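Visitor: Quick one: the structure is below, questions incoming.
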Amino acid sequence: MVTLPPFFKFIPNRDQVSNSDIIPALRGLTFVQWAQFWSGWLAWTCDALDFFSVSLTVPLLSKQFGRSTGAITTAITLTLLFRSVGAVIFGILSDRFGRKWPLICNLILCCVFSLGSGFVNTFSEFLAVRSLFGIAMGGIWGLAASTALENLPVELRGLASGVLQQGYAVGYLIASVINLTLVAHSSHTWRTLFWTGAGITFFAAILRVCIPESEVFLRAKAIERAKGTNTTEKTKIFLKETKEMLNRHWKLCIYAVLLMTGFNFLSHGSQDLYPTYLETSKGFSTHDATVATIIGNCGAISGGAIAGWASQYIGRRLTIVICVLLVGLFIPLWIIPSSFSALAAGAFCIQFGVQGAWGVIPIQLAEMSPPAFRATFPGVSYQLGNMISSASAQIEATGGNNLRTTIIKDGVPTNVADYATVQGILIGVVAAFVLVVTIVGPENHSSHFEKHKTAFEEGGGRDDAYMEDEQRPVSEIHEEVDEKSSSV
């Protein structure tokens, strides 16, 4: 019998897959578990809504500031570049102090900078505010993913991963609907989109205030309090365990960044300039381009949920490979047609594949991560990949300036940027890269990372350091602490 190398063993072993059905597991969730999941989902949705406000208003911003499409996409690039800074800052704060308050602060900062984006008057001011927004935005994903997934039972995490990640597509969809309705009828035009997004983000922050801290952190803090460990000692332990983790997992860190570079090129390459591509290269109206974007996001939402669910049974990597192959298959439908119906169908199919693959990423990274650092590690690797791929919109804009095509516009042959060819080439190359990197990478299907020690506990940097008293209720541990305090 031929033994396959580990990276060709895609389907998880039977003992790795829980035999529990999804429906009973869903029925068994408490109100707090539901609330924590949806608060993480909403945070990620707001993140996408605020980010895509620029992509959807590129023509209006070009007119407002008197700049070319390529110049406007600098704002997208700067946002993506600075996201890694936010991922480091808020990821460390979350793994050190807990999920709740770092995420709340993160959302409030996103609200402030999104609101400020709608009040700028010069292009330099716009770039500065979007750069600051990038720092705030960078922390959201790692905190939202850890908040949403770590309190759920293992058998639900594949489906939950897909639904969580598609908060990104829902945010894009909401931004598209606002652009189609409020922006089109407002005297403030593009500014309305940023202001509305800021209001929704502020609501998400208030909602998170009302929801308890993650059970994992409440238990860990109670255990450390019972031991008498103070804040200074916890911080020293955290720094020590961070160093231990980096010494053990630096190769894994590099791999995760490569993986997320490919994934971010895939998503941003197919989304950031999509409305501009339809308006410029296909001659669509802003209304039709926005409707096609909405249809594409419907494909993304369904793809993410289905792929996340499937990954629980056929494995994370195999699900990603299937979705990326679908992307390659539908590239012709994405770029060749000229009719609205065919291009909208292409958008649905491509985004089904792109976001289907993405739907597996939250749980794949969480299971792959050093367990005590499942906010910092996924968040930083995600945003470093974003930083490397940050020029995707500018690459497409530059490519469009050099590759030209002729369309009939208002009955007149018009020379325009050929974004169809540019996006087809970029997506095809990136899809091939993602396939290779995914196949050769690790998979730790159904990892019980919620049982692991946190980063501020002694030994947390090791993969085999499991939490003490993990089965004991937090209230029982608190009672023990109170008894010790009263006896002193």
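By order of appearance in the structure tokens: chains A, B, ..., then residues from 1 within every chain, and ligands from 1 in the order shown.
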Give me the residues near Ala144 (chain A) as an MDAnalysis selection string, where near means some atom within 9 Å (using only C-alpha atoms) and where sequence neighbours in that chain fewer than 3 positions away do not count.
Guide: chainID A and resid 37 39:44 99 103 139:141 147:149 164 375
Visitor: Please provide as JSON, numbers by chain all residues within 12 Å of region 114-118 of chain A, with the sequence filter that same-chain residues fewer than 2 positions apart are discarded (counting only C-alpha atoms).
Guide: {"A": [46, 47, 48, 49, 50, 51, 52, 53, 54, 57, 61, 64, 75, 79, 107, 108, 109, 110, 111, 112, 120, 121, 122, 123, 124, 125, 126, 127, 128, 129, 130, 131, 132, 133, 134, 136, 137, 188, 189, 190, 191, 192, 193, 194, 195, 196, 197, 198, 199, 200, 201, 202]}
Visitor: Can I get the selection written as a short mmCIF file (atom, residue, chain, number, x, y, z; two decimals), in the first residue's frame, with N, CA and C atoms?
Guide:
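The resulting file, again.cif, is reproduced below:
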```cif
data_model
loop_
_atom_site.label_atom_id
_atom_site.label_comp_id
_atom_site.auth_asym_id
_atom_site.auth_seq_id
_atom_site.Cartn_x
_atom_site.Cartn_y
_atom_site.Cartn_z
N CYS A 46 -19.08 45.43 9.49
CA CYS A 46 -18.83 46.88 9.52
C CYS A 46 -17.47 47.21 8.92
N ASP A 47 -16.48 46.37 9.20
CA ASP A 47 -15.14 46.54 8.65
C ASP A 47 -15.20 46.60 7.12
N ALA A 48 -15.92 45.64 6.52
CA ALA A 48 -16.03 45.59 5.06
C ALA A 48 -16.83 46.77 4.51
N LEU A 49 -17.92 47.12 5.20
CA LEU A 49 -18.75 48.24 4.75
C LEU A 49 -17.91 49.52 4.64
N ASP A 50 -17.14 49.79 5.68
CA ASP A 50 -16.32 51.01 5.68
C ASP A 50 -15.21 50.94 4.64
N PHE A 51 -14.62 49.75 4.46
CA PHE A 51 -13.52 49.62 3.49
C PHE A 51 -14.02 49.81 2.06
N PHE A 52 -15.12 49.16 1.69
CA PHE A 52 -15.60 49.20 0.30
C PHE A 52 -16.30 50.50 -0.05
N SER A 53 -16.44 51.39 0.92
CA SER A 53 -17.00 52.70 0.61
C SER A 53 -16.15 53.44 -0.40
N VAL A 54 -14.84 53.18 -0.39
CA VAL A 54 -13.96 53.81 -1.38
C VAL A 54 -14.12 53.14 -2.74
N THR A 57 -17.13 54.24 -4.74
CA THR A 57 -17.28 55.67 -5.08
C THR A 57 -16.06 56.22 -5.81
N LEU A 61 -15.18 60.10 -6.30
CA LEU A 61 -13.98 60.64 -5.65
C LEU A 61 -13.04 61.25 -6.67
N GLN A 64 -14.50 64.58 -7.42
CA GLN A 64 -14.40 65.47 -6.26
C GLN A 64 -12.99 66.06 -6.13
N ALA A 75 -5.64 55.43 -2.00
CA ALA A 75 -6.33 55.39 -0.70
C ALA A 75 -6.56 53.94 -0.29
N THR A 79 -4.74 52.08 2.99
CA THR A 79 -5.56 51.40 4.01
C THR A 79 -5.05 49.99 4.24
N LEU A 107 -13.65 49.16 17.22
CA LEU A 107 -14.84 49.59 16.46
C LEU A 107 -15.08 51.09 16.58
N ILE A 108 -14.86 51.65 17.74
CA ILE A 108 -15.05 53.10 17.92
C ILE A 108 -14.06 53.89 17.06
N LEU A 109 -12.81 53.40 17.00
CA LEU A 109 -11.82 54.08 16.15
C LEU A 109 -12.22 53.99 14.67
N CYS A 110 -12.72 52.83 14.25
CA CYS A 110 -13.20 52.69 12.86
C CYS A 110 -14.33 53.67 12.58
N CYS A 111 -15.23 53.81 13.56
CA CYS A 111 -16.34 54.76 13.42
C CYS A 111 -15.83 56.19 13.25
N VAL A 112 -14.88 56.58 14.09
CA VAL A 112 -14.34 57.95 14.05
C VAL A 112 -13.68 58.24 12.72
N VAL A 120 -13.57 65.34 4.86
CA VAL A 120 -12.34 65.90 4.29
C VAL A 120 -12.66 66.76 3.07
N ASN A 121 -11.76 67.70 2.77
CA ASN A 121 -11.95 68.60 1.64
C ASN A 121 -10.85 68.51 0.60
N THR A 122 -9.71 67.92 0.97
CA THR A 122 -8.61 67.79 0.01
C THR A 122 -8.21 66.33 -0.12
N PHE A 123 -7.54 66.02 -1.21
CA PHE A 123 -7.11 64.64 -1.45
C PHE A 123 -6.07 64.20 -0.42
N SER A 124 -5.19 65.10 0.00
CA SER A 124 -4.18 64.77 1.01
C SER A 124 -4.84 64.41 2.33
N GLU A 125 -5.88 65.17 2.71
CA GLU A 125 -6.61 64.87 3.94
C GLU A 125 -7.28 63.50 3.83
N PHE A 126 -7.84 63.21 2.67
CA PHE A 126 -8.51 61.93 2.46
C PHE A 126 -7.53 60.77 2.63
N LEU A 127 -6.35 60.89 2.02
CA LEU A 127 -5.34 59.83 2.14
C LEU A 127 -4.89 59.65 3.59
N ALA A 128 -4.74 60.77 4.32
CA ALA A 128 -4.30 60.69 5.72
C ALA A 128 -5.33 59.97 6.58
N VAL A 129 -6.59 60.32 6.41
CA VAL A 129 -7.65 59.70 7.22
C VAL A 129 -7.80 58.23 6.87
N ARG A 130 -7.69 57.88 5.57
CA ARG A 130 -7.83 56.47 5.19
C ARG A 130 -6.64 55.64 5.69
N SER A 131 -5.48 56.26 5.83
CA SER A 131 -4.32 55.55 6.40
C SER A 131 -4.58 55.24 7.87
N LEU A 132 -5.10 56.22 8.62
CA LEU A 132 -5.44 56.00 10.03
C LEU A 132 -6.56 54.97 10.15
N PHE A 133 -7.50 55.03 9.23
CA PHE A 133 -8.57 54.04 9.23
C PHE A 133 -8.00 52.63 9.04
N GLY A 134 -6.96 52.52 8.22
CA GLY A 134 -6.33 51.22 7.99
C GLY A 134 -5.79 50.60 9.28
N ALA A 136 -6.92 51.16 12.35
CA ALA A 136 -8.08 50.71 13.14
C ALA A 136 -8.71 49.47 12.52
N MET A 137 -8.84 49.47 11.21
CA MET A 137 -9.47 48.36 10.51
C MET A 137 -8.68 47.06 10.67
N HIS A 188 -25.07 65.22 -0.68
CA HIS A 188 -23.70 65.03 -0.18
C HIS A 188 -22.99 63.89 -0.92
N THR A 189 -23.66 63.23 -1.83
CA THR A 189 -23.15 62.13 -2.68
C THR A 189 -22.30 61.12 -1.88
N TRP A 190 -21.02 60.98 -2.23
CA TRP A 190 -20.18 59.93 -1.66
C TRP A 190 -20.00 60.05 -0.15
N ARG A 191 -20.09 61.25 0.38
CA ARG A 191 -19.91 61.44 1.82
C ARG A 191 -20.98 60.70 2.62
N THR A 192 -22.17 60.59 2.06
CA THR A 192 -23.28 59.91 2.74
C THR A 192 -22.93 58.47 3.07
N LEU A 193 -22.22 57.80 2.17
CA LEU A 193 -21.86 56.40 2.38
C LEU A 193 -20.93 56.24 3.60
N PHE A 194 -19.96 57.12 3.72
CA PHE A 194 -19.02 57.05 4.85
C PHE A 194 -19.73 57.37 6.17
N TRP A 195 -20.61 58.36 6.16
CA TRP A 195 -21.33 58.72 7.39
C TRP A 195 -22.26 57.60 7.84
N THR A 196 -22.96 56.99 6.89
CA THR A 196 -23.87 55.90 7.24
C THR A 196 -23.09 54.71 7.79
N GLY A 197 -21.97 54.39 7.17
CA GLY A 197 -21.12 53.30 7.66
C GLY A 197 -20.62 53.55 9.07
N ALA A 198 -20.27 54.80 9.36
CA ALA A 198 -19.80 55.16 10.71
C ALA A 198 -20.90 54.92 11.74
N GLY A 199 -22.14 55.25 11.39
CA GLY A 199 -23.25 55.04 12.31
C GLY A 199 -23.49 53.57 12.61
N ILE A 200 -23.41 52.73 11.60
CA ILE A 200 -23.61 51.29 11.78
C ILE A 200 -22.48 50.71 12.63
N THR A 201 -21.26 51.18 12.42
CA THR A 201 -20.11 50.70 13.20
C THR A 201 -20.23 51.09 14.67
N PHE A 202 -20.73 52.30 14.92
CA PHE A 202 -20.93 52.73 16.31
C PHE A 202 -21.98 51.85 16.99
#
```
Visitor: As a VMD selection string, please: every residue in region 333-379 of chain A that a backbone DSSP assignment puts in helix (DSSP H, G or I).
Guide: chain A and resid 333 to 335 340 to 368 371 to 373 376 to 379
Visitor: Just to confirm, what's the straight-line distance from CA of Gly379 (chain A) to CA of Phe352 (chain A) in Å (one decimal)?
Guide: 23.5 Å
Visitor: Just want the 12 Å neighbourhood of Gly70 (chain A), counted on only C-alpha atoms, with same-chain residues fewer than 4 positions away dropped. Output as an NGL selection string.
Guide: :A and (55 or 58-59 or 61-62 or 66 or 74-77 or 273 or 276 or 391-401 or 417)
Visitor: Between CA of Arg96 (chain A) and CA of Arg208 (chain A), what is the spacing in Å?
Guide: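 Spanning CA of Arg208 (chain A) to CA of Arg96 (chain A) is a straight-line distance of 18.6 Å.
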Visitor: Determine the nearest neighbour of Ala175 (chain A) from the options A:Asn151, A:Leu56, A:Gly262, A:Glu244, counting only C-alpha atoms.
Guide: A:Leu56
Visitor: Got a sec: who's within 8 Å of region 428-445 of chain A, counting only C-alpha atoms, leaving out chain neighbours fewer than 3 positions off, as a PyMOL selection string?
Guide: chain A and resi 7-8+12+16-17+255+258-259+262-263+265-266+315-317+320-321+324-325+327-328+331+364+367-368+424-425
Visitor: Determine, for each residue of region 242-322 of chain A having at least one atom at most 8 Å from an atom of region 342-348 of chain A, the closest pair of atoms and their separation in Å to one decimal, counting only C-alpha atoms; order by chain and ascending number, as CSV.
Guide:
```
residue,atom,partner,partner_atom,distance
A:Ala292,CA,A:Ala344,CA,5.0
A:Thr293,CA,A:Ala347,CA,7.3
A:Ile295,CA,A:Phe348,CA,5.9
A:Gly296,CA,A:Phe348,CA,4.1
A:Asn297,CA,A:Phe348,CA,7.0
A:Cys298,CA,A:Phe348,CA,6.8
A:Gly299,CA,A:Phe348,CA,4.4
A:Ala300,CA,A:Phe348,CA,7.1
```
Visitor: Next, dump the selected residues to file, keeping only C-alpha atoms, as a PDB file, in the first residue's frame.
Guide:
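Generated output (again_16.pdb):
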```pdb
ATOM      1  CA  ALA A 292     -24.032  43.395 -10.591  1.00  0.00           C
ATOM      2  CA  THR A 293     -21.864  43.913  -7.500  1.00  0.00           C
ATOM      3  CA  ILE A 295     -25.429  39.830  -7.308  1.00  0.00           C
ATOM      4  CA  GLY A 296     -21.749  38.926  -6.944  1.00  0.00           C
ATOM      5  CA  ASN A 297     -21.965  39.368  -3.199  1.00  0.00           C
ATOM      6  CA  CYS A 298     -24.979  37.063  -3.057  1.00  0.00           C
ATOM      7  CA  GLY A 299     -22.737  34.425  -4.658  1.00  0.00           C
ATOM      8  CA  ALA A 300     -20.051  35.194  -2.092  1.00  0.00           C
TER       9      ALA A 300
END
```
Visitor: With only C-alpha atoms as the atoms that count, which of A:Trp309, A:Trp250, A:Trp34, A:Phe284 lies nearest to Ile408 (chain A)?
Guide: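 That would be A:Phe284, the residue with the smallest distance to Ile408 (chain A).
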Visitor: CA of Ala87 (chain A) to CA of Ile206 (chain A): how many Å, to one decimal?
Guide: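 Straight-line distance from CA of Ala87 (chain A) to CA of Ile206 (chain A) works out to 21.5 Å.
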Visitor: Can you work out which one of A:Gly353, A:Pro413, A:Gly304, A:Pro370 has the shortest atom-to-atom distance to Ile427 (chain A), counting only C-alpha atoms?
Guide: A:Gly353
Visitor: Using only C-alpha atoms for the distances, tell me which of A:Val380, A:Val257, A:Ile322, A:Ile72 is nearest to Phe90 (chain A).
Guide: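 Ranked by minimum distance to Phe90 (chain A), first place goes to A:Val380.
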Visitor: Name the closest residue to His287 (chain A) among the candidates A:Val183, A:Ala420, A:Leu80, A:Ile89; distances are taken between atoms, counting only C-alpha atoms.
Guide: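 So, comparing all the options, the nearest one is A:Val183.
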Visitor: Could you check which of A:Ser339, A:Ser176, A:Thr280, A:Ser161 is closest to Val416 (chain A), using only C-alpha atoms?
Guide: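 Going through A:Ser339, A:Ser176, A:Thr280, A:Ser161 one by one, the smallest distance to Val416 (chain A) is for A:Thr280.
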Visitor: Could you list, as a list in words, every residue within 9 Å of Glu213 (chain A), counting only C-alpha atoms and ignoring same-chain residues fewer than 5 positions away?
Guide: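 Everything that qualifies: Gln36, Gly98, Arg99, Lys100, Trp101, Thr147 and Leu218 of chain A.
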Visitor: Tell me, as a ChimeraX atom specification, which residues lie within 8 Å of Ala310 (chain A), counting only C-alpha atoms; anything in the same chain fewer than 5 positions away does not count.
Guide: /A:158-159,315,319
Visitor: Please identify all polymer residues within 7 Å of Leu173 (chain A), counting only C-alpha atoms, omitting same-chain residues fewer than 4 positions from it, and present them as number ranges by chain.
Guide: A: 169, 177, 294, 297
